[in-house]
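Remarks on the structure that follows.
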Amino acid sequence: MPGSRIIITTRDEQVLVAHRVNSIRDVSLLSNREALCLFSRYAFGREVPVQGYEALSRQVVGYAAGLPLTIRVLGSFLCGKNELEWKDALERLKTIPLKETLEKLELSYNGLENDYKEIFLDVACILKGWRKDEAIRVLESCGFHARNGLRVLEQKSLITISYNKCLDMHDHIEEMGMNIVRRLHPDEPNKHSRLWIDEEIKDILANNRAEAAPKWRAALVEATSFSGWDLKTIANG
């Protein structure tokens, strides 16, 4: 109809580009005020926390970091629970991500080609915060078409490129990527395809327990942090 305005929302920017949408805008994360209001609607059925739950609500909102999906899931999960149950849930979130949130965030990841999935996991586990040109150099040395791969991840809102040309992603998307790597063998880091915790790397190298070595990318380990450790164990498998 003449004069009508159509608003399209999608996780994939390429869909908009392919359909020649005239104006494309990123949707900003919620501010603290907006996040607290949304959380309160799901947790309390009102727009502000009930008395006695103000500080706990702010902790939840801080954890969600402006992501509406996480706020809605946590609000529904905590609705009707007492103060001790809230504290227990918040403590658990420090080490165990909420399954429902991860499953929904994984929809974009699951739709990726296999090589782009590998690039995403490399960024989530190791390359977040690296300069884009340095990350491209490392990924290309591993045989990836990194420029296109990073562009696809950016279009699907899985990563962002900061103003100073560094790779970035939301904390919960990073958490999702790390969970994908760890979940098959949660207590056996020597079987993980990627390592990013210093203590685990040192322990595995010191005890020569690199069972997943053929899949590892030695180029992604910052060797300057582990001078004196035999990184050839990883590179040669």
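FYI, nothing fancy with the structure tokens labels: chains A, B, ... in order, residues from 1 per chain, ligands from 1 as they appear.
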
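Using only C-alpha atoms, the contacts of Tyr116 in chain A at a cut-off of 9 Å, with sequence neighbours closer than 5 positions omitted, comprise Tyr109, Leu121, Phe144, His145, Ala146, Asn148, Gly149, Leu150, Val152 and Leu153 of chain A.
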
Would you mind listing what lies within 9 Å of Gly80 in chain A as a VMD selection string, with only C-alpha atoms counted and same-chain residues fewer than 3 positions away left out?
chain A and resid 43 to 44 76 to 77

Do you know which residues are at most 12 Å from Ala18 in chain A counting only C-alpha atoms, after dropping those on the same chain fewer than 6 positions away, and could you put them as a PyMOL selection string?
chain A and resi 12+24+155

Now that the selection is made, can you save its residues with N, CA, C and O atoms as a PDB file, in the first residue's frame?
ATOM      1  N   ASP A  12      19.880 -12.422  10.417  1.00  0.00           N
ATOM      2  CA  ASP A  12      20.820 -12.537   9.298  1.00  0.00           C
ATOM      3  C   ASP A  12      20.734 -11.309   8.403  1.00  0.00           C
ATOM      4  O   ASP A  12      19.775 -11.128   7.657  1.00  0.00           O
ATOM      5  N   ILE A  24      19.110  -0.377   6.711  1.00  0.00           N
ATOM      6  CA  ILE A  24      19.398  -1.459   7.652  1.00  0.00           C
ATOM      7  C   ILE A  24      20.015  -0.860   8.915  1.00  0.00           C
ATOM      8  O   ILE A  24      20.976  -0.101   8.848  1.00  0.00           O
ATOM      9  N   GLN A 155      27.285 -10.735   9.852  1.00  0.00           N
ATOM     10  CA  GLN A 155      25.942 -10.578   9.297  1.00  0.00           C
ATOM     11  C   GLN A 155      24.900 -11.342  10.104  1.00  0.00           C
ATOM     12  O   GLN A 155      23.745 -10.939  10.176  1.00  0.00           O
TER      13      GLN A 155
END

Considering only C-alpha atoms, state which residue in the set A:Arg5, A:Lys191, A:His172, A:Lys202 is at the smallest distance from Leu93 in chain A.
A:His172

Just list the residues in range 19-160 of chain A DSSP gives helix (DSSP H, G or I) on the backbone, as a PyMOL selection string.
chain A and resi 32-44+54-64+68-78+83-93+99-110+114-127+132-141+146-155

Find the spatial neighbours of Lys87 in chain A, counting only C-alpha atoms, within a cut-off of 9 Å - ignore same-chain residues fewer than 5 positions away - and output them as a ChimeraX atom specification.
/A:56,82,92

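With only C-alpha atoms as the atoms that count, the minimum distance from Thr9 in chain A to the choices A:Arg72, A:Arg41, A:Arg25, A:Lys128 is reached by A:Arg25.
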
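What separates CA of Asp122 in chain A from CA of Val61 in chain A is a distance of 27.7 Å.
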
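Note that CA of Ala89 in chain A and CA of Glu54 in chain A are 15.8 Å apart.
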
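Here CA of Glu83 in chain A is placed at a distance of 11.5 Å from CA of Val50 in chain A.
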
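For the residues A:Ala35, A:Val21, A:Leu158, A:Met176, ranking by smallest atom-to-atom distance to Gln59 in chain A using only C-alpha atoms places A:Ala35 first.
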
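Take the candidates A:Ile204, A:Leu102, A:Leu30, A:Leu127 and check each one against Asp168 in chain A using only C-alpha atoms; the shortest distance goes to A:Leu127.
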
Please identify all polymer residues within 9 Å of Gly66 in chain A, counting only C-alpha atoms, omitting same-chain residues fewer than 6 positions from it, and present them as a PyMOL selection string.
chain A and resi 28-32+34-35

Generate a file of the selected residues that holds N, CA and C atoms, formatted as a PDB file, in the first residue's frame.
ATOM      1  N   SER A  28      19.929  -2.068  19.161  1.00  0.00           N
ATOM      2  CA  SER A  28      20.806  -1.920  20.324  1.00  0.00           C
ATOM      3  C   SER A  28      20.363  -2.835  21.461  1.00  0.00           C
ATOM      4  N   LEU A  29      21.318  -3.193  22.309  1.00  0.00           N
ATOM      5  CA  LEU A  29      20.994  -3.921  23.529  1.00  0.00           C
ATOM      6  C   LEU A  29      20.224  -3.004  24.465  1.00  0.00           C
ATOM      7  N   LEU A  30      19.501  -3.587  25.407  1.00  0.00           N
ATOM      8  CA  LEU A  30      18.703  -2.798  26.337  1.00  0.00           C
ATOM      9  C   LEU A  30      19.597  -2.046  27.319  1.00  0.00           C
ATOM     10  N   SER A  31      19.166  -0.850  27.686  1.00  0.00           N
ATOM     11  CA  SER A  31      19.839  -0.115  28.762  1.00  0.00           C
ATOM     12  C   SER A  31      19.518  -0.791  30.086  1.00  0.00           C
ATOM     13  N   ASN A  32      20.221  -0.429  31.134  1.00  0.00           N
ATOM     14  CA  ASN A  32      19.959  -1.016  32.452  1.00  0.00           C
ATOM     15  C   ASN A  32      18.514  -0.777  32.896  1.00  0.00           C
ATOM     16  N   GLU A  34      15.836  -0.202  30.943  1.00  0.00           N
ATOM     17  CA  GLU A  34      14.939  -1.004  30.107  1.00  0.00           C
ATOM     18  C   GLU A  34      15.014  -2.485  30.485  1.00  0.00           C
ATOM     19  N   ALA A  35      16.241  -2.958  30.750  1.00  0.00           N
ATOM     20  CA  ALA A  35      16.421  -4.366  31.104  1.00  0.00           C
ATOM     21  C   ALA A  35      15.740  -4.698  32.426  1.00  0.00           C
TER      22      ALA A  35
END
